[in-house]
>>> print(open('start.txt').read())   # compact mmCIF, C-alpha atoms (C1' of nucleotides)
# COMPACT_ATOMS: atom_id res chain seq x y z
CA MET A 112 -99.59 -226.05 31.10
CA ASN A 113 -97.83 -227.74 33.97
CA ASN A 114 -99.18 -228.17 37.45
CA LYS A 115 -97.17 -225.35 38.95
CA GLU A 116 -98.91 -222.91 36.64
CA ASN A 117 -102.23 -224.63 37.23
CA MET A 118 -101.78 -224.14 40.95
CA GLN A 119 -101.08 -220.46 40.45
CA ALA A 120 -104.14 -220.09 38.25
CA VAL A 121 -106.43 -221.85 40.71
CA ALA A 122 -104.92 -220.00 43.66
CA LEU A 123 -105.44 -216.66 41.93
CA ASP A 124 -109.02 -217.54 41.16
CA LEU A 125 -109.80 -218.54 44.73
CA PHE A 126 -107.74 -215.79 46.42
CA SER A 127 -109.54 -213.22 44.30
CA LYS A 128 -112.85 -214.34 45.74
CA ARG A 129 -112.21 -215.53 49.28
CA GLY A 130 -108.87 -213.94 50.06
CA TYR A 131 -105.58 -215.59 50.99
CA SER A 132 -106.73 -216.65 54.44
CA GLY A 133 -110.06 -217.95 53.17
CA VAL A 134 -108.44 -220.51 50.91
CA SER A 135 -106.64 -223.61 52.12
CA VAL A 136 -103.88 -225.51 50.36
CA ARG A 137 -106.42 -228.34 50.26
CA ASP A 138 -108.87 -226.18 48.33
CA ILE A 139 -106.30 -225.33 45.70
CA CYS A 140 -105.04 -228.87 45.22
CA GLY A 141 -108.50 -230.39 45.48
CA GLU A 142 -109.59 -228.30 42.50
CA LEU A 143 -106.82 -229.95 40.50
CA GLY A 144 -107.35 -233.46 41.85
CA LEU A 145 -104.03 -233.34 43.67
CA LYS A 146 -102.96 -233.82 47.26
CA GLU A 147 -101.59 -230.95 49.35
CA SER A 148 -98.11 -232.40 49.38
CA ALA A 149 -97.92 -231.85 45.62
CA LEU A 150 -98.07 -228.13 46.20
CA TYR A 151 -95.17 -228.21 48.60
CA TYR A 152 -93.00 -229.70 45.87
CA HIS A 153 -93.50 -226.54 43.77
CA PHE A 154 -93.67 -223.93 46.53
CA LYS A 155 -91.86 -223.68 49.84
CA ASN A 156 -95.14 -222.83 51.53
CA LYS A 157 -98.50 -221.17 51.00
CA GLU A 158 -97.04 -217.70 51.34
CA GLU A 159 -94.49 -218.28 48.60
CA LEU A 160 -97.36 -219.17 46.30
CA LEU A 161 -98.97 -215.83 47.13
CA ASN A 162 -95.71 -214.01 46.49
CA SER A 163 -95.36 -215.71 43.12
CA LEU A 164 -98.71 -214.15 42.23
CA TYR A 165 -97.56 -210.74 43.41
CA ALA A 166 -94.59 -211.12 41.09
CA LYS A 167 -97.01 -211.58 38.21
CA VAL A 168 -98.48 -208.18 38.98
CA ASP A 169 -95.07 -206.61 38.51
CA GLN A 170 -94.71 -208.41 35.21
CA LEU A 171 -98.15 -207.28 34.07
CA VAL A 172 -97.49 -203.65 34.91
CA GLU A 173 -94.23 -203.83 33.01
CA ASP A 174 -95.89 -205.41 29.96
CA MET A 175 -98.70 -202.87 29.88
CA ARG A 176 -96.32 -199.97 30.19
CA ASN A 177 -94.37 -201.26 27.21
CA ALA A 178 -97.49 -202.00 25.19
CA PHE A 179 -98.75 -198.48 25.76
CA ASP A 180 -95.43 -196.81 25.01
CA ASN A 181 -95.16 -198.67 21.72
CA ALA A 182 -98.75 -197.95 20.70
CA PHE A 183 -98.40 -194.31 21.71
CA GLN A 184 -95.21 -193.74 19.71
CA MET A 185 -96.83 -195.32 16.66
CA THR A 186 -99.78 -192.94 16.83
CA THR A 187 -99.50 -190.40 14.04
CA GLN A 188 -102.79 -188.64 14.64
CA VAL A 189 -104.35 -187.83 17.95
CA SER A 190 -107.93 -187.04 17.00
CA THR A 191 -110.82 -186.76 19.38
CA PRO A 192 -112.82 -189.65 17.88
CA ALA A 193 -109.73 -191.85 17.94
CA MET A 194 -109.07 -191.04 21.58
CA GLN A 195 -112.72 -191.55 22.41
CA MET A 196 -112.52 -194.99 20.86
CA VAL A 197 -109.46 -195.85 22.88
CA ALA A 198 -111.28 -194.61 25.96
CA LYS A 199 -114.34 -196.73 25.40
CA ASN A 200 -112.23 -199.84 25.08
CA PHE A 201 -110.14 -199.10 28.12
CA LEU A 202 -112.50 -200.77 30.56
CA ARG A 203 -113.31 -203.65 28.26
CA GLN A 204 -109.74 -204.50 27.35
CA TYR A 205 -107.91 -203.60 30.50
CA PHE A 206 -109.86 -203.84 33.75
CA CYS A 207 -112.31 -206.44 32.48
CA ASP A 208 -109.72 -208.87 31.23
CA ALA A 209 -110.42 -211.93 33.38
CA TYR A 210 -106.80 -212.26 34.47
CA VAL A 211 -106.32 -208.59 35.33
CA CYS A 212 -109.66 -208.51 37.09
CA LYS A 213 -108.66 -211.39 39.36
CA LEU A 214 -105.34 -209.79 40.21
CA ILE A 215 -107.10 -206.57 41.15
CA SER A 216 -109.70 -208.41 43.25
CA MET A 217 -107.02 -210.32 45.09
CA LEU A 218 -104.95 -207.22 45.76
CA ASN A 219 -108.07 -205.33 46.78
CA ILE A 220 -108.59 -207.84 49.58
CA GLU A 221 -105.00 -208.29 50.68
CA ARG A 222 -104.12 -204.59 50.65
CA MET A 223 -106.26 -204.07 53.75
CA SER A 224 -103.73 -205.95 55.84
CA ASP A 225 -100.64 -206.19 53.63
CA ALA A 226 -98.61 -203.09 52.78
CA LEU A 227 -96.91 -204.82 49.83
CA ALA A 228 -100.27 -205.75 48.30
CA ASP A 229 -101.36 -202.16 48.80
CA ARG A 230 -98.39 -200.83 46.84
CA MET A 231 -98.99 -203.29 44.00
CA TYR A 232 -102.67 -202.38 43.93
CA LEU A 233 -101.90 -198.69 43.65
CA LYS A 234 -99.36 -199.30 40.89
CA LEU A 235 -101.74 -201.44 38.85
CA VAL A 236 -104.94 -199.47 39.39
CA TYR A 237 -103.74 -195.87 39.66
CA ASP A 238 -100.08 -195.10 38.91
CA MET A 239 -99.80 -196.94 35.62
CA PRO A 240 -103.21 -196.07 34.09
CA LEU A 241 -102.89 -192.50 35.32
CA SER A 242 -99.56 -191.96 33.62
CA GLN A 243 -101.07 -193.32 30.40
CA CYS A 244 -104.13 -191.08 30.61
CA LEU A 245 -101.89 -188.14 31.33
CA ALA A 246 -99.84 -188.81 28.20
CA VAL A 247 -103.00 -188.98 26.09
CA PHE A 248 -104.60 -185.80 27.43
CA SER A 249 -101.34 -183.89 27.26
CA ALA A 250 -100.98 -184.88 23.61
CA MET A 251 -104.57 -183.85 22.90
CA GLN A 252 -103.99 -180.53 24.56
CA LYS A 253 -100.90 -179.84 22.50
CA ARG A 254 -103.07 -180.28 19.43
CA LYS A 255 -105.67 -177.87 20.88
CA LEU A 256 -108.32 -180.60 21.05
CA VAL A 257 -108.98 -179.87 24.69
CA ALA A 258 -109.43 -176.68 26.70
CA ASP A 259 -106.63 -175.68 29.01
CA ILE A 260 -108.00 -177.68 31.90
CA SER A 261 -105.14 -179.24 33.82
CA PRO A 262 -104.36 -182.56 32.04
CA ASP A 263 -103.67 -183.97 35.48
CA TYR A 264 -107.28 -183.23 36.40
CA LEU A 265 -108.58 -184.70 33.18
CA ALA A 266 -106.63 -187.90 33.71
CA LYS A 267 -107.92 -188.32 37.24
CA ASP A 268 -111.47 -187.42 36.32
CA TYR A 269 -111.42 -189.84 33.43
CA LEU A 270 -109.86 -192.72 35.35
CA SER A 271 -112.25 -192.09 38.24
CA LEU A 272 -115.21 -192.65 35.95
CA ILE A 273 -113.78 -195.91 34.67
CA LEU A 274 -112.90 -197.19 38.14
CA HIS A 275 -116.27 -196.25 39.54
CA VAL A 276 -118.00 -198.32 36.86
CA PHE A 277 -115.54 -201.17 37.32
CA ASP A 278 -115.99 -201.22 41.09
CA ARG A 279 -119.74 -200.87 40.91
CA TYR A 280 -120.63 -203.24 38.10
CA VAL A 281 -117.82 -205.76 37.86
CA LEU A 282 -115.95 -206.30 41.13
CA GLY A 283 -117.63 -208.67 43.55
CA LYS A 284 -120.05 -210.09 41.01
CA GLU A 285 -120.39 -213.81 40.43
CA ASP A 286 -121.66 -213.51 36.90
CA LYS A 287 -119.03 -211.05 35.75
CA GLN A 288 -119.42 -211.61 32.03
CA THR A 289 -123.05 -210.47 32.05
CA GLN A 290 -122.24 -207.51 34.26
CA ILE A 291 -119.40 -206.41 32.02
CA GLU A 292 -121.87 -205.72 29.21
CA ALA A 293 -123.94 -203.43 31.44
CA ALA A 294 -120.77 -201.81 32.74
CA CYS A 295 -119.47 -201.02 29.27
CA GLU A 296 -122.76 -199.53 28.21
CA GLU A 297 -122.89 -197.34 31.29
CA LEU A 298 -119.31 -196.26 30.74
CA ASP A 299 -119.92 -195.49 27.07
CA ASN A 300 -122.60 -193.02 28.10
CA LEU A 301 -120.38 -191.37 30.69
CA ILE A 302 -117.38 -191.13 28.35
CA GLU A 303 -119.61 -189.63 25.69
CA ILE A 304 -120.51 -186.75 27.99
CA PHE A 305 -116.93 -186.49 29.28
CA TYR A 306 -115.59 -185.89 25.75
CA GLU A 307 -118.48 -183.68 24.79
CA ARG A 308 -117.61 -181.40 27.67
CA ILE A 309 -113.88 -181.14 27.06
CA ALA A 310 -114.51 -180.63 23.35
CA ARG A 311 -117.08 -177.89 24.04
CA GLU A 312 -114.79 -176.17 26.51
CA GLY A 313 -111.91 -176.56 24.07
CA THR A 314 -113.85 -174.99 21.20
CA LYS A 315 -114.97 -172.12 23.36
CA HIS A 316 -111.42 -171.40 24.30
CA ALA A 317 -110.15 -171.68 20.74
CA ASP A 318 -112.68 -169.03 19.74
CA LEU A 319 -111.17 -166.39 22.00
CA MET B 222 -120.21 -200.09 76.87
CA ASN B 223 -120.96 -203.72 77.50
CA ASN B 224 -118.94 -206.64 76.22
CA LYS B 225 -121.36 -207.52 73.46
CA GLU B 226 -120.77 -204.10 71.91
CA ASN B 227 -117.04 -204.38 72.59
CA MET B 228 -116.99 -207.66 70.70
CA GLN B 229 -118.73 -206.06 67.74
CA ALA B 230 -116.31 -203.14 67.78
CA VAL B 231 -113.24 -205.38 67.90
CA ALA B 232 -114.67 -207.75 65.32
CA LEU B 233 -115.39 -204.86 62.96
CA ASP B 234 -111.89 -203.53 63.42
CA LEU B 235 -110.26 -206.88 62.69
CA PHE B 236 -112.66 -207.94 59.92
CA SER B 237 -112.04 -204.63 58.15
CA LYS B 238 -108.34 -205.44 57.97
CA ARG B 239 -108.02 -209.19 57.69
CA GLY B 240 -111.47 -210.21 56.54
CA TYR B 241 -113.97 -212.51 58.24
CA SER B 242 -112.01 -215.69 57.54
CA GLY B 243 -108.72 -214.14 58.60
CA VAL B 244 -109.94 -213.46 62.11
CA SER B 245 -110.61 -216.15 64.71
CA VAL B 246 -113.00 -216.00 67.62
CA ARG B 247 -109.87 -216.35 69.73
CA ASP B 248 -108.44 -213.15 68.17
CA ILE B 249 -111.54 -211.15 68.96
CA CYS B 250 -111.87 -212.33 72.55
CA GLY B 251 -108.12 -212.18 73.15
CA GLU B 252 -108.18 -208.48 72.32
CA LEU B 253 -110.69 -207.99 75.13
CA GLY B 254 -109.03 -210.33 77.61
CA LEU B 255 -111.91 -212.77 77.36
CA LYS B 256 -112.21 -216.45 76.54
CA GLU B 257 -113.93 -217.67 73.40
CA SER B 258 -116.83 -219.11 75.32
CA ALA B 259 -117.77 -215.58 76.40
CA LEU B 260 -118.53 -214.73 72.79
CA TYR B 261 -120.83 -217.70 72.40
CA TYR B 262 -122.96 -216.36 75.23
CA HIS B 263 -123.70 -213.22 73.19
CA PHE B 264 -123.76 -214.72 69.70
CA LYS B 265 -124.95 -218.07 68.46
CA ASN B 266 -121.79 -218.43 66.38
CA LYS B 267 -119.16 -216.46 64.50
CA GLU B 268 -121.44 -215.89 61.53
CA GLU B 269 -124.17 -214.33 63.65
CA LEU B 270 -121.60 -211.83 64.86
CA LEU B 271 -120.84 -210.95 61.25
CA ASN B 272 -124.52 -210.57 60.46
CA SER B 273 -124.98 -208.28 63.44
CA LEU B 274 -122.38 -206.02 61.80
CA TYR B 275 -124.19 -206.15 58.48
CA ALA B 276 -127.33 -205.02 60.31
CA LYS B 277 -125.41 -201.96 61.46
CA VAL B 278 -124.79 -201.03 57.84
CA ASP B 279 -128.53 -200.96 57.23
CA GLN B 280 -128.97 -198.76 60.29
CA LEU B 281 -126.22 -196.41 59.12
CA VAL B 282 -127.68 -196.03 55.65
CA GLU B 283 -131.07 -195.28 57.17
CA ASP B 284 -129.60 -192.68 59.55
CA MET B 285 -127.64 -190.94 56.81
CA ARG B 286 -130.63 -190.81 54.51
CA ASN B 287 -132.66 -189.13 57.24
CA ALA B 288 -129.85 -186.76 58.18
CA PHE B 289 -129.52 -185.66 54.57
CA ASP B 290 -133.24 -185.29 53.99
CA ASN B 291 -133.57 -183.09 57.06
CA ALA B 292 -130.55 -180.95 56.18
CA PHE B 293 -131.72 -180.64 52.59
CA GLN B 294 -135.25 -179.55 53.50
CA MET B 295 -133.83 -176.94 55.87
CA THR B 296 -131.64 -175.41 53.17
CA THR B 297 -133.14 -172.11 52.11
CA GLN B 298 -130.40 -171.12 49.66
CA VAL B 299 -128.56 -173.38 47.28
CA SER B 300 -125.58 -171.25 46.34
CA THR B 301 -122.46 -172.49 44.60
CA PRO B 302 -120.06 -171.66 47.45
CA ALA B 303 -122.39 -173.36 49.92
CA MET B 304 -122.56 -176.49 47.80
CA GLN B 305 -118.81 -176.42 47.29
CA MET B 306 -118.37 -176.30 51.04
CA VAL B 307 -120.67 -179.28 51.50
CA ALA B 308 -118.70 -181.07 48.81
CA LYS B 309 -115.33 -180.52 50.42
CA ASN B 310 -116.56 -181.90 53.69
CA PHE B 311 -118.18 -184.93 52.15
CA LEU B 312 -115.05 -187.05 52.20
CA ARG B 313 -113.93 -185.83 55.58
CA GLN B 314 -117.23 -186.30 57.34
CA TYR B 315 -118.63 -189.28 55.57
CA PHE B 316 -116.13 -191.71 54.09
CA CYS B 317 -113.35 -190.86 56.49
CA ASP B 318 -115.34 -191.33 59.65
CA ALA B 319 -113.47 -194.16 61.36
CA TYR B 320 -116.61 -196.24 61.85
CA VAL B 321 -117.91 -195.82 58.32
CA CYS B 322 -114.47 -196.46 56.92
CA LYS B 323 -114.22 -199.79 58.74
CA LEU B 324 -117.66 -200.86 57.55
CA ILE B 325 -116.69 -200.08 53.97
CA SER B 326 -113.36 -201.91 54.28
CA MET B 327 -115.06 -204.97 55.70
CA LEU B 328 -117.75 -205.01 53.03
CA ASN B 329 -115.13 -204.39 50.37
CA ILE B 330 -113.46 -207.65 51.35
CA GLU B 331 -116.55 -209.76 51.93
CA ARG B 332 -118.38 -208.63 48.81
CA MET B 333 -115.96 -210.63 46.68
CA SER B 334 -117.49 -213.86 47.94
CA ASP B 335 -120.72 -212.80 49.62
CA ALA B 336 -123.65 -211.48 47.58
CA LEU B 337 -125.29 -209.93 50.64
CA ALA B 338 -122.13 -208.00 51.50
CA ASP B 339 -121.98 -206.86 47.88
CA ARG B 340 -125.50 -205.43 48.04
CA MET B 341 -124.77 -203.60 51.30
CA TYR B 342 -121.54 -202.23 49.87
CA LEU B 343 -123.32 -200.86 46.82
CA LYS B 344 -126.04 -199.30 48.95
CA LEU B 345 -123.56 -197.61 51.28
CA VAL B 346 -120.97 -196.53 48.73
CA TYR B 347 -123.04 -195.79 45.62
CA ASP B 348 -126.83 -195.84 45.89
CA MET B 349 -127.19 -193.63 48.94
CA PRO B 350 -124.45 -191.04 48.17
CA LEU B 351 -125.52 -190.93 44.54
CA SER B 352 -129.12 -190.12 45.34
CA GLN B 353 -127.91 -187.32 47.61
CA CYS B 354 -125.58 -185.90 44.98
CA LEU B 355 -128.36 -186.08 42.46
CA ALA B 356 -130.69 -184.09 44.72
CA VAL B 357 -128.04 -181.39 45.17
CA PHE B 358 -127.15 -181.02 41.50
CA SER B 359 -130.78 -181.07 40.44
CA ALA B 360 -131.49 -178.28 42.91
CA MET B 361 -128.53 -176.28 41.62
CA GLN B 362 -129.69 -176.74 38.09
CA LYS B 363 -133.18 -175.49 38.89
CA ARG B 364 -131.54 -172.30 40.16
CA LYS B 365 -129.49 -172.04 36.94
CA LEU B 366 -126.20 -172.45 38.82
CA VAL B 367 -125.12 -175.27 36.55
CA ALA B 368 -125.18 -175.82 32.80
CA ASP B 369 -127.68 -178.28 31.44
CA ILE B 370 -125.33 -181.22 31.79
CA SER B 371 -127.27 -184.26 32.91
CA PRO B 372 -127.42 -184.05 36.72
CA ASP B 373 -127.06 -187.81 36.69
CA TYR B 374 -123.69 -187.41 35.01
CA LEU B 375 -122.62 -184.69 37.42
CA ALA B 376 -123.52 -186.83 40.41
CA LYS B 377 -121.55 -189.80 39.10
CA ASP B 378 -118.60 -187.70 38.04
CA TYR B 379 -118.51 -186.00 41.39
CA LEU B 380 -118.86 -189.16 43.47
CA SER B 381 -116.25 -190.87 41.29
CA LEU B 382 -113.70 -188.24 42.20
CA ILE B 383 -114.42 -188.65 45.90
CA LEU B 384 -114.29 -192.43 45.78
CA HIS B 385 -111.09 -192.45 43.78
CA VAL B 386 -109.38 -190.32 46.42
CA PHE B 387 -110.86 -192.43 49.21
CA ASP B 388 -109.74 -195.68 47.62
CA ARG B 389 -106.32 -194.39 46.72
CA TYR B 390 -105.36 -192.48 49.83
CA VAL B 391 -107.37 -193.93 52.68
CA LEU B 392 -108.41 -197.55 52.17
CA GLY B 393 -105.76 -200.12 53.00
CA LYS B 394 -103.53 -197.70 54.87
CA GLU B 395 -102.30 -198.44 58.37
CA ASP B 396 -101.80 -194.83 59.32
CA LYS B 397 -105.16 -193.63 58.06
CA GLN B 398 -105.30 -190.39 60.03
CA THR B 399 -102.18 -189.03 58.34
CA GLN B 400 -103.35 -190.15 54.93
CA ILE B 401 -106.73 -188.52 55.38
CA GLU B 402 -105.09 -185.10 55.49
CA ALA B 403 -103.35 -185.71 52.17
CA ALA B 404 -106.56 -187.15 50.72
CA CYS B 405 -108.62 -184.12 51.68
CA GLU B 406 -106.08 -181.73 50.22
CA GLU B 407 -106.03 -183.67 46.95
CA LEU B 408 -109.80 -183.76 46.85
CA ASP B 409 -110.09 -180.05 47.58
CA ASN B 410 -108.04 -179.35 44.47
CA LEU B 411 -110.13 -181.68 42.32
CA ILE B 412 -113.44 -180.31 43.59
CA GLU B 413 -112.21 -176.79 42.95
CA ILE B 414 -111.74 -177.58 39.26
CA PHE B 415 -114.96 -179.58 39.14
CA TYR B 416 -117.03 -176.60 40.30
CA GLU B 417 -115.04 -174.16 38.21
CA ARG B 418 -115.99 -176.15 35.13
CA ILE B 419 -119.69 -176.53 35.81
CA ALA B 420 -119.90 -172.85 36.77
CA ARG B 421 -118.11 -171.79 33.58
CA GLU B 422 -120.30 -174.02 31.45
CA GLY B 423 -123.33 -172.75 33.33
CA THR B 424 -122.45 -169.10 32.75
CA LYS B 425 -121.79 -169.70 29.10
CA HIS B 426 -125.20 -171.24 28.71
CA ALA B 427 -126.94 -168.50 30.67
CA ASP B 428 -125.46 -165.97 28.27
CA LEU B 429 -127.16 -167.46 25.25
C1' DG C 65 -93.81 -235.08 40.64
C1' DT C 66 -97.22 -237.08 43.17
C1' DC C 67 -98.89 -240.18 46.85
C1' DT C 68 -99.72 -241.95 51.81
C1' DA C 69 -99.26 -241.10 56.41
C1' DT C 70 -98.68 -238.31 60.02
C1' DA C 71 -97.34 -234.55 63.06
C1' DA C 72 -98.40 -230.16 65.29
C1' DA C 73 -101.07 -226.14 65.49
C1' DT C 74 -105.16 -223.61 65.08
C1' DG C 75 -110.05 -222.79 64.86
C1' DG C 76 -115.13 -223.26 65.90
C1' DA C 77 -118.02 -224.75 69.26
C1' DT C 78 -120.09 -226.94 73.72
C1' DA C 79 -120.75 -228.55 78.83
C1' DG C 80 -120.72 -227.47 83.26
C1' DA C 81 -118.63 -224.88 87.29
C1' DC C 82 -118.66 -220.28 89.46
C1' DG D 154 -121.72 -213.34 82.05
C1' DT D 155 -117.41 -215.43 82.17
C1' DC D 156 -114.20 -219.31 83.06
C1' DT D 157 -112.05 -224.09 82.65
C1' DA D 158 -111.80 -228.00 80.18
C1' DT D 159 -112.54 -230.46 76.31
C1' DC D 160 -113.93 -232.07 71.56
C1' DC D 161 -113.53 -232.43 66.88
C1' DA D 162 -112.63 -230.62 62.29
C1' DT D 163 -109.48 -228.23 59.56
C1' DT D 164 -105.05 -226.52 58.25
C1' DT D 165 -100.12 -226.07 57.38
C1' DA D 166 -96.32 -228.66 56.67
C1' DT D 167 -93.01 -232.74 56.55
C1' DA D 168 -90.98 -237.61 55.73
C1' DG D 169 -90.57 -241.26 53.00
C1' DA D 170 -92.56 -244.60 49.45
C1' DC D 171 -93.47 -245.00 44.41
>>> encode(input="start.txt", output="structure tokens")
Amino acid sequence: MNNKENMQAVALDLFSKRGYSGVSVRDICGELGLKESALYYHFKNKEELLNSLYAKVDQLVEDMRNAFDNAFQMTTQVSTPAMQMVAKNFLRQYFCDAYVCKLISMLNIERMSDALADRMYLKLVYDMPLSQCLAVFSAMQKRKLVADISPDYLAKDYLSLILHVFDRYVLGKEDKQTQIEAACEELDNLIEIFYERIAREGTKHADL
Amino acid sequence: MNNKENMQAVALDLFSKRGYSGVSVRDICGELGLKESALYYHFKNKEELLNSLYAKVDQLVEDMRNAFDNAFQMTTQVSTPAMQMVAKNFLRQYFCDAYVCKLISMLNIERMSDALADRMYLKLVYDMPLSQCLAVFSAMQKRKLVADISPDYLAKDYLSLILHVFDRYVLGKEDKQTQIEAACEELDNLIEIFYERIAREGTKHADL
DNA sequence: GTCTATAAATGGATAGAC
DNA sequence: GTCTATCCATTTATAGAC
């Protein structure tokens, strides 16, 4: 790993905690045992470093879209337990990935004053996951596994639960790793009830 | 309104957008046509100004707790339409109040690096609203208006929907007032389905 | 690719006049 | 209660040596 990538990694880590304006070029280079001037060899200025991180968000969204599309096309059976399993791992594997978590934290800060950061945040946290949830619930509904509740509602309801747990138990915590365990347990309980309800409502409807 | 309060108002406004470290004492005073030294007459330093805003969060939480307790004790009938009405106005009157919204935005930024801000954020955004939701759903359940789904789940599910809309449509937007209209419409639709489901499940259970 | 040195601007904070 | 003037630390950024 070269120093340019190191700088991006350190910058992301610090920006995600203290925000762009709370971190100096000194801070970033100091962490790596380098002088500020070293950074200006790799980046035109501090802002270009930030933009290079924004570009990584685009890349991540792209990668996750592709990963999902591939996995989804492969799926031969869409059973409730299988979907429930996927659901339970959503938080753990997606939002709680250290890298993704830092990107979200950083965007969460910058979006308050930066329209571009706001758009990236929405894409990463809502648009992309929502379209994936929608695909899953639509598929389940086709197979009569779910009552005819609007799949759009189900997707939003489901994602809301995940994001609420993520925001409450993970974001803003120093000791994230410990918190993630509590978060996943809490989410498991919520998802359990979520699926119980849509299954119950689905059964009821199938009986008519 | 004296200048001390003006300074707090301007500071809150700027902190909620650019964060504590992104705003200088010069910025705050400049907005009011004052020199920096004027601020140091009212506050020991920049940090004390921030803490004075944190204190306002405590006051707000206290006030809202009391307001709810009074309103809740007054309530003679807990009907579904009445509760649904309360629900629809929750976002509009609570999270979208300009003052509350700024406090949340500010805490949302600072909580990433400040444990105190994190605690205040959780109190304002989760603990307090959640305890209120819980009281409402428990009351509804006692009157058999809701199926025997854990009221704890209902409260979290319900608050999640509100927060998701708030985060997605209101936070981080320049033109908040316009966005709030769209947010409320979206939330109205979601809450409609939410209540439809718990009523349906409730009826079903009552029939047994 | 990184260092030293340095410039120029900005930010937090104080002393003393009014 | 606010202003002028000032101080000192920090920050972004550049030029030129190695």
>>> atom_distance(input="start.txt", atom1="CA of Tyr374 (chain B)", atom2="CA of Ala356 (chain B)")
12.4 Å
>>> residues_near_point(input="start.txt", point="(-105.6, -229.8, 45.6)", cutoff="12 Å", atoms="only C-alpha atoms (C1' of nucleotides)", output="list in words")
Asn114, Lys115, Asn117, Met118, Gln119, Val121, Ala122, Val134, Ser135, Val136, Arg137, Asp138, Ile139, Cys140, Gly141, Glu142, Leu143, Gly144, Leu145, Lys146, Glu147, Ser148, Ala149, Leu150 and Tyr151 of chain A; DT66 of chain C
>>> closest_atom_pairs(input="start.txt", of="chain A", to="chain B", cutoff="6 Å", atoms="only C-alpha atoms", output="tab-separated table")
residue	atom	partner	partner_atom	distance
A:Lys128	CA	B:Met333	CA	4.9
A:Arg129	CA	B:Ser334	CA	5.7
A:Ser132	CA	B:Gly243	CA	5.3
A:Gly133	CA	B:Ser242	CA	5.3
A:Ile220	CA	B:Ile330	CA	5.2
A:Arg222	CA	B:Gly393	CA	5.3
A:Met223	CA	B:Gly393	CA	4.1
A:Ser224	CA	B:Lys238	CA	5.1
A:Ser271	CA	B:Ser381	CA	5.2
A:Leu272	CA	B:Ser381	CA	5.7
A:His275	CA	B:Ser381	CA	5.7
A:Gly283	CA	B:Met333	CA	4.1
>>> interface_residues(input="start.txt", of="chain C", to="chain A", cutoff="10 Å", atoms="all atoms listed in the file", output="PDB file with C-alpha atoms (C1' of nucleotides), in the frame of the given file")
ATOM      1  C1'  DG C  65     -93.810-235.080  40.640  1.00  0.00           C
ATOM      2  C1'  DT C  66     -97.220-237.080  43.170  1.00  0.00           C
ATOM      3  C1'  DC C  67     -98.890-240.180  46.850  1.00  0.00           C
ATOM      4  C1'  DT C  68     -99.720-241.950  51.810  1.00  0.00           C
TER       5       DT C  68
END
>>> interface_residues(input="start.txt", of="chain D", to="chain A", cutoff="9 Å", atoms="all atoms listed in the file", output="PyMOL selection string")
chain D and resi 164-167
>>> atom_distance(input="start.txt", atom1="CA of Ala404 (chain B)", atom2="CA of Met341 (chain B)")
24.5 Å
>>> residues_around(input="start.txt", residues="DC161 (chain D)", least_positions_apart="3", cutoff="12 Å", atoms="all atoms listed in the file", output="JSON list (two decimals) with C-alpha atoms (C1' of nucleotides), in the coordinates of the input")
[["chain", "number", "residue", "atom", "x", "y", "z"],
["C", 75, "DG", "C1'", -110.05, -222.79, 64.86],
["C", 76, "DG", "C1'", -115.13, -223.26, 65.90],
["C", 77, "DA", "C1'", -118.02, -224.75, 69.26],
["C", 78, "DT", "C1'", -120.09, -226.94, 73.72]]
>>> atom_distance(input="start.txt", atom1="CA of Ala250 (chain A)", atom2="CA of Pro372 (chain B)")
29.5 Å
>>> axis_aligned_box(input="start.txt", around="region 175-180 of chain A", padding_each_side="5 Å", output="lines of an AutoDock Vina configuration file")
center_x = -96.6
center_y = -199.8
center_z = 27.6
size_x = 14.4
size_y = 16.1
size_z = 15.2
>>> residues_around(input="start.txt", residues="Ala403 (chain B)", least_positions_apart="3", cutoff="12 Å", atoms="only C-alpha atoms (C1' of nucleotides)", output="list in words")
Leu312, Arg313, Val386, Phe387, Arg389, Tyr390, Val391, Asp396, Lys397, Gln398, Thr399, Gln400, Glu406, Glu407, Leu408, Asp409 and Asn410 of chain B
>>> build_atoms(input="start.txt", residues="region 250-256 of chain A", atoms="N, CA and C atoms", output="PDB file, keeping the file's coordinate frame")
ATOM      1  N   ALA A 250    -101.131-184.895  25.076  1.00  0.00           N
ATOM      2  CA  ALA A 250    -100.980-184.880  23.610  1.00  0.00           C
ATOM      3  C   ALA A 250    -102.167-184.186  22.955  1.00  0.00           C
ATOM      4  N   MET A 251    -103.374-184.485  23.461  1.00  0.00           N
ATOM      5  CA  MET A 251    -104.570-183.850  22.900  1.00  0.00           C
ATOM      6  C   MET A 251    -104.531-182.341  23.098  1.00  0.00           C
ATOM      7  N   GLN A 252    -104.017-181.952  24.251  1.00  0.00           N
ATOM      8  CA  GLN A 252    -103.990-180.530  24.560  1.00  0.00           C
ATOM      9  C   GLN A 252    -103.000-179.792  23.669  1.00  0.00           C
ATOM     10  N   LYS A 253    -101.892-180.440  23.386  1.00  0.00           N
ATOM     11  CA  LYS A 253    -100.900-179.840  22.500  1.00  0.00           C
ATOM     12  C   LYS A 253    -101.514-179.562  21.135  1.00  0.00           C
ATOM     13  N   ARG A 254    -102.411-180.441  20.731  1.00  0.00           N
ATOM     14  CA  ARG A 254    -103.070-180.280  19.430  1.00  0.00           C
ATOM     15  C   ARG A 254    -104.361-179.466  19.540  1.00  0.00           C
ATOM     16  N   LYS A 255    -104.527-178.779  20.677  1.00  0.00           N
ATOM     17  CA  LYS A 255    -105.670-177.870  20.880  1.00  0.00           C
ATOM     18  C   LYS A 255    -107.024-178.581  20.781  1.00  0.00           C
ATOM     19  N   LEU A 256    -107.054-179.855  21.104  1.00  0.00           N
ATOM     20  CA  LEU A 256    -108.320-180.600  21.050  1.00  0.00           C
ATOM     21  C   LEU A 256    -109.085-180.460  22.364  1.00  0.00           C
TER      22      LEU A 256
END
